[in-house]
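Asker: This is the structure I have questions about; it appears just below.
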Amino acid sequence: MAAFSCLRSSSMSVAPRAHTVSKKGLPSLRLSRRRVFRANAVAAPVAPPSSGASGDDAFAVSSIATPLTLPQEYWATQEPAMSALPAWRQNLDLEAFGKDMFELENKLKKEQSQDDVDHLKGVLRFSQFLYAAGIVLAGFCNPLQGNILAAVCLSTAVCARWTMVGHHVCHGGYNRLQKPTERFHRKSFALGPVRRVIDWLDWMAPEAWDVEHNDLHHYKLGETTDPDLLERNTIDMRAGSFGPKPFRYLIVGALMAVWKWYYYAPNTLKELYQRSIDRAAAGRPADRNATGEVPKVNPFNTGDEPATVLYLMKRLFMPGSFAERVAPTVALAKCCLPYFMANFVAVPLAFYAALGPAAGKLALMNMVAMELITNIHSFIIIATNHCGEDVYRFATPCRPRSPDFYLRAVIGSVNFDTGAKTNPDGSHKSSGLTGNAVDYVQGWLNYQIEHHAFPTLSMLAYQKGAPQVKAICEKHGVPYVQENVFIRVKKTVDIMVGNKSMKQWERGD
């Protein structure tokens with residue numbers, strides 16, 4: 001689960017993403033516009049193709065020295081020589097690896113029980129306690145004087161409701177244990193205005209998140225069609241479009257504090273609208289994520305680029321009728337208004353009415369501080385999951401639950417320190433208070449490898465499965481990256497500002 005976008009947003013409408021088939025029969029992405037990159041992006045040079053490119057493929061191969069110096073459709077045609085591959089790739093029995101992972105997934109599914117639901121409820125209750133405590137303290141703690149206790153309680157609770165409760169329930173992690181009408185089944189959870197407020201109120205619409213994250217990100221991980229591919233989403237910054245390195249670091253820091261409403265809310269809406277349009281065009285019935293009346297054109301018409309708040313601002317001055325120019329702004333406002341009203345209007349007004357202007361002002365300051373902290377917290381544990389010089393990206397698609405799919409989940413993801421524990425015989429051991437605390441503060445996203453390999457499991461199942469997945473990787477020689485989350489933040493920022501580049505599978509890395 002990773003996503004972020006810098007200020008990159010098209011100033012003109014571009015064609016939607018489309019797939020073509022290369023000369024070697026491999027599916028690849030057709031570039032929707034010419035990309036010319038600056039020459040100062042740094043990293044090790046990459047060899048250009050043997051034959052010249054033209055048209056949409058034409059660009060200066062000497063400009064940005066990363067795998068993106070060459071378009072992904074070029075990499076999709078490449079088959080590196082076996083002798084040029086790293087040893088682990090030469091020696092890997094992919095089918096055997098896939099078989100072991102497939103069997104483990106089925107084993108973990110069968111082991112799920114009411115304990116998993118009880119564990120989820122425990123996480124939810126603790127999050128509700130933190131939120132209640134934060135609300136009570138919001139009229140008394142002054143964040144401007146360094147007392148951020150209320151803001152931290154609130155921000156942690158909001159983060160938990162997204163990363164642990166909403167995230168895993170919307171993936172169907174508890175479907176085997178819940179009836180479709182029960183609260184923690186994905187067919188009921190957070191759907192509709194009332195359930196959204198009760199179950200998971202955030203800037204993003206749950207049904208939009210379901211399309212963008214649960215489908216596109218998870219089943220197109222590291223591909224150009226992955227909406228959360230950070231290296232691609234920050235390519236303009238990497239190429240120097242936002243000034244020298246020090247200024248790029250400042251931009252990254254600022255965006256960390258606003259990324260949920262700046263990037264996630266509009267980009268998830270974009271993918272939701274596009275899904276509805278595509279289904280209507282194919283004559284297929286609307287799914288559970290239907291947007292109501294299907295527009296002829298996606299209001300967030302950014303093509304293969306992420307939709308951000310900057311695009312909404314630009315759209316106001318682009319060609320089209322007034323209704324067309326304000327359409328994305330109106331759509332985003334409808335999506336974000338419930339969360340905004342609840343946190344930045346209702347809470348301060350309640351304190352104002354009960355305890356007076358001073359308490360109302362303190363409550364508002366704490367809600368703003370909460371928002372900044374929860375954005376930074378969630379960025380640290382989300383955006384770093386699939387980014388770094390030791391993480392792979394891919395130019396071609398793969399089939400879900402295939403050996404390739406399991407492999408990509410491992411080498412295209414990163415785990416942080418976890419609370420998972422095992423007995424001497426390798427069996428699962430309760431993580432206890434300390435282990436669960438480690439996992440809680442990291443949003444249970446520290447099991448990202450297991451989550452992408454087995455996306456429909458519960459949090460408790462990932463805790464049980466992580467040591468077993470790691471053992472399978474060791475058995476087959478597959479790299480299993482696990483590092484402290486703050487080391488991953490450094491490696492993620494290095495990608496964003498252009499210091500480093502991700503590995504390219506088709507290049508033979």
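All residue names refer to the structure tokens as shown: chains lettered A, B, ... in order, residues numbered from 1 in each chain, ligands numbered from 1 in order.
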Pick out the residues sitting within 8 Å of Leu332 in chain A, and hand them over as a PyMOL selection string; count only C-alpha atoms, and ignore anything fewer than 2 positions along from it in its own chain.

Answerer: chain A and resi 265-266+269+328-330+334-336

Asker: Can you write just those residues out, C-alpha atoms, as an mmCIF file, in the first residue's frame?

Answerer:
data_model
loop_
_atom_site.group_PDB
_atom_site.id
_atom_site.type_symbol
_atom_site.label_atom_id
_atom_site.label_comp_id
_atom_site.auth_asym_id
_atom_site.auth_seq_id
_atom_site.Cartn_x
_atom_site.Cartn_y
_atom_site.Cartn_z
ATOM 1 C CA ALA A 265 -8.762 12.146 -2.487
ATOM 2 C CA PRO A 266 -8.753 13.453 -6.088
ATOM 3 C CA LEU A 269 -12.047 9.776 -7.424
ATOM 4 C CA PRO A 328 -13.631 18.118 -10.670
ATOM 5 C CA THR A 329 -13.735 20.780 -7.947
ATOM 6 C CA VAL A 330 -17.399 20.068 -7.252
ATOM 7 C CA LYS A 334 -18.694 16.564 -2.226
ATOM 8 C CA CYS A 335 -16.205 13.846 -1.305
ATOM 9 C CA CYS A 336 -14.234 15.864 1.252
#

Asker: Considering only helix (DSSP H, G or I) as DSSP defines it on the backbone, what residues of range 334-490 of chain A qualify? List them as an NGL selection string.

Answerer: :A and (334-355 or 357-382 or 403-411 or 432-441 or 445-453 or 459-476 or 485-490)

Asker: Output C-alpha atoms for every residue in that selection, as a compact mmCIF listing (two decimals), in the first residue's frame.

Answerer:
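The resulting file, again28.txt, is reproduced below:
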# COMPACT_ATOMS: atom_id res chain seq x y z
CA LYS A 334 -18.69 16.56 -2.23
CA CYS A 335 -16.20 13.85 -1.31
CA CYS A 336 -14.23 15.86 1.25
CA LEU A 337 -17.01 17.95 2.82
CA PRO A 338 -18.20 15.38 5.42
CA TYR A 339 -14.71 14.93 6.88
CA PHE A 340 -14.03 18.67 6.80
CA MET A 341 -17.31 19.57 8.49
CA ALA A 342 -16.92 16.91 11.19
CA ASN A 343 -13.38 17.83 12.19
CA PHE A 344 -12.95 21.52 11.44
CA VAL A 345 -16.48 22.83 12.03
CA ALA A 346 -18.51 20.54 14.30
CA VAL A 347 -15.81 19.84 16.91
CA PRO A 348 -14.66 23.47 17.37
CA LEU A 349 -18.26 24.69 17.42
CA ALA A 350 -19.15 22.17 20.12
CA PHE A 351 -16.34 23.44 22.34
CA TYR A 352 -17.26 27.04 21.55
CA ALA A 353 -20.85 26.44 22.58
CA ALA A 354 -19.98 24.49 25.72
CA LEU A 355 -16.89 26.25 27.06
CA PRO A 357 -14.41 31.09 22.44
CA ALA A 358 -11.06 30.15 23.98
CA ALA A 359 -11.93 26.45 24.09
CA GLY A 360 -13.31 26.61 20.56
CA LYS A 361 -10.08 28.16 19.31
CA LEU A 362 -7.98 25.51 21.06
CA ALA A 363 -10.15 22.75 19.59
CA LEU A 364 -9.69 24.12 16.07
CA MET A 365 -5.92 24.39 16.56
CA ASN A 366 -5.80 20.78 17.76
CA MET A 367 -7.82 19.55 14.79
CA VAL A 368 -5.45 21.33 12.39
CA ALA A 369 -2.44 19.90 14.23
CA MET A 370 -4.09 16.48 14.10
CA GLU A 371 -4.44 16.76 10.33
CA LEU A 372 -0.81 17.69 9.82
CA ILE A 373 0.45 14.91 12.09
CA THR A 374 -1.77 12.18 10.65
CA ASN A 375 -0.71 13.11 7.11
CA ILE A 376 2.97 12.89 8.01
CA HIS A 377 2.44 9.69 10.01
CA SER A 378 0.53 8.01 7.17
CA PHE A 379 3.09 9.12 4.58
CA ILE A 380 5.90 7.57 6.60
CA ILE A 381 4.17 4.17 6.82
CA ILE A 382 2.48 4.14 3.37
CA PRO A 403 4.15 -17.36 -9.42
CA ASP A 404 5.05 -14.01 -11.01
CA PHE A 405 2.42 -12.26 -8.88
CA TYR A 406 3.82 -13.68 -5.65
CA LEU A 407 7.37 -12.81 -6.71
CA ARG A 408 6.45 -9.22 -7.54
CA ALA A 409 4.70 -8.86 -4.19
CA VAL A 410 8.01 -9.68 -2.50
CA ILE A 411 10.54 -7.81 -4.62
CA GLY A 432 2.02 -9.76 23.12
CA LEU A 433 1.59 -6.12 24.06
CA THR A 434 5.01 -5.03 22.79
CA GLY A 435 4.72 -6.76 19.41
CA ASN A 436 1.19 -5.48 18.82
CA ALA A 437 2.28 -1.96 19.77
CA VAL A 438 5.07 -2.12 17.17
CA ASP A 439 2.56 -3.15 14.52
CA TYR A 440 -0.10 -0.66 15.63
CA VAL A 441 2.07 2.45 15.36
CA LEU A 445 1.59 -1.82 7.02
CA ASN A 446 4.91 -3.21 8.16
CA TYR A 447 3.73 -6.53 6.68
CA GLN A 448 3.53 -5.11 3.18
CA ILE A 449 5.17 -8.09 1.47
CA GLU A 450 2.65 -10.52 2.95
CA HIS A 451 -0.22 -8.11 2.31
CA HIS A 452 0.56 -7.79 -1.40
CA ALA A 453 1.11 -11.51 -1.80
CA MET A 459 -4.07 -8.32 10.15
CA LEU A 460 -3.60 -11.25 12.50
CA ALA A 461 -2.95 -13.57 9.55
CA TYR A 462 -0.11 -11.33 8.35
CA GLN A 463 1.44 -11.43 11.80
CA LYS A 464 1.31 -15.22 11.68
CA GLY A 465 2.40 -15.51 8.06
CA ALA A 466 5.36 -13.12 7.92
CA PRO A 467 7.97 -15.53 9.37
CA GLN A 468 6.72 -18.25 7.00
CA VAL A 469 6.94 -16.01 3.93
CA LYS A 470 10.43 -14.96 4.94
CA ALA A 471 11.43 -18.63 5.30
CA ILE A 472 10.09 -19.41 1.81
CA CYS A 473 12.08 -16.51 0.38
CA GLU A 474 15.25 -17.71 2.11
CA LYS A 475 14.63 -21.21 0.79
CA HIS A 476 14.39 -20.01 -2.81
CA VAL A 485 10.75 2.53 8.63
CA PHE A 486 12.92 5.65 8.93
CA ILE A 487 15.61 4.10 6.75
CA ARG A 488 12.86 3.50 4.18
CA VAL A 489 11.81 7.16 4.44
CA LYS A 490 15.34 8.18 3.48

Asker: Which residues come within 6 Å of range 148-157 of chain A, counting only C-alpha atoms, excluding same-chain residues fewer than 2 positions away, as a list in words?

Answerer: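 Near range 148-157 of chain A, the qualifying residues are Ser127, Leu130, Tyr131, Gly134, Leu137, Ala138, Pro143, Gly146, Cys159, Ala160, Asn366, Ala369, Met370 and Thr374 of chain A.
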
Asker: So which one's closest to Trp444 in chain A, A:Thr456, A:Asn106, A:Gln112, A:Thr418? Using only C-alpha atoms, please.

Answerer: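 Among A:Thr456, A:Asn106, A:Gln112, A:Thr418, it is A:Thr418 that comes nearest to Trp444 in chain A.
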
Asker: Check range 378-458 of chain A with DSSP on the backbone and list each residue it calls strand (DSSP E or B), as a list in words.

Answerer: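 For range 378-458 of chain A, the strand (DSSP E or B) set is Tyr392, Arg393, Asn415, Lys421, Thr422, His428 and Lys429 of chain A.
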
Asker: Please, could you write that set of residues out with N, CA, C and O atoms as a PDB file, in the first residue's frame?

Answerer:
ATOM      1  N   TYR A 392      11.872  -3.271  -6.992  1.00  0.00           N
ATOM      2  CA  TYR A 392      11.690  -3.426  -8.439  1.00  0.00           C
ATOM      3  C   TYR A 392      10.419  -2.760  -8.936  1.00  0.00           C
ATOM      4  O   TYR A 392       9.411  -2.677  -8.220  1.00  0.00           O
ATOM      5  N   ARG A 393      10.463  -2.320 -10.205  1.00  0.00           N
ATOM      6  CA  ARG A 393       9.273  -1.943 -10.959  1.00  0.00           C
ATOM      7  C   ARG A 393       9.238  -2.794 -12.232  1.00  0.00           C
ATOM      8  O   ARG A 393      10.248  -3.396 -12.620  1.00  0.00           O
ATOM      9  N   ASN A 415       9.089  -4.616   3.861  1.00  0.00           N
ATOM     10  CA  ASN A 415       8.579  -4.726   5.227  1.00  0.00           C
ATOM     11  C   ASN A 415       9.399  -3.846   6.159  1.00  0.00           C
ATOM     12  O   ASN A 415      10.595  -3.620   5.931  1.00  0.00           O
ATOM     13  N   LYS A 421       6.251 -12.973  16.102  1.00  0.00           N
ATOM     14  CA  LYS A 421       7.125 -13.818  16.913  1.00  0.00           C
ATOM     15  C   LYS A 421       6.855 -15.287  16.606  1.00  0.00           C
ATOM     16  O   LYS A 421       5.748 -15.659  16.209  1.00  0.00           O
ATOM     17  N   THR A 422       7.869 -16.107  16.786  1.00  0.00           N
ATOM     18  CA  THR A 422       7.724 -17.543  16.548  1.00  0.00           C
ATOM     19  C   THR A 422       8.298 -18.328  17.725  1.00  0.00           C
ATOM     20  O   THR A 422       9.180 -17.849  18.441  1.00  0.00           O
ATOM     21  N   HIS A 428       3.709 -20.144  15.237  1.00  0.00           N
ATOM     22  CA  HIS A 428       3.373 -18.781  15.651  1.00  0.00           C
ATOM     23  C   HIS A 428       3.322 -18.647  17.166  1.00  0.00           C
ATOM     24  O   HIS A 428       2.809 -19.509  17.869  1.00  0.00           O
ATOM     25  N   LYS A 429       3.870 -17.539  17.646  1.00  0.00           N
ATOM     26  CA  LYS A 429       3.830 -17.211  19.065  1.00  0.00           C
ATOM     27  C   LYS A 429       3.140 -15.864  19.219  1.00  0.00           C
ATOM     28  O   LYS A 429       3.365 -14.952  18.409  1.00  0.00           O
TER      29      LYS A 429
END

Asker: Which of these, A:His168, A:Arg284, A:Arg161, A:Arg315, has the shortest distance to Phe126 in chain A once you count only C-alpha atoms?

Answerer: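 Looking at the shortest contact to Phe126 in chain A, the residue is A:Arg161.
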
Asker: Would you pick out the contacts of Pro295 in chain A at 8 Å or less, using only C-alpha atoms, so that residues sharing its chain but fewer than 4 positions from it are not included, and give the list as a ChimeraX atom specification?

Answerer: /A:273,277,299

Asker: With distances taken over only C-alpha atoms, which of A:Ala331, A:Val297, A:Met101, A:Val165 is nearest to Val309 in chain A?

Answerer: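 That would be A:Ala331, the residue with the smallest distance to Val309 in chain A.
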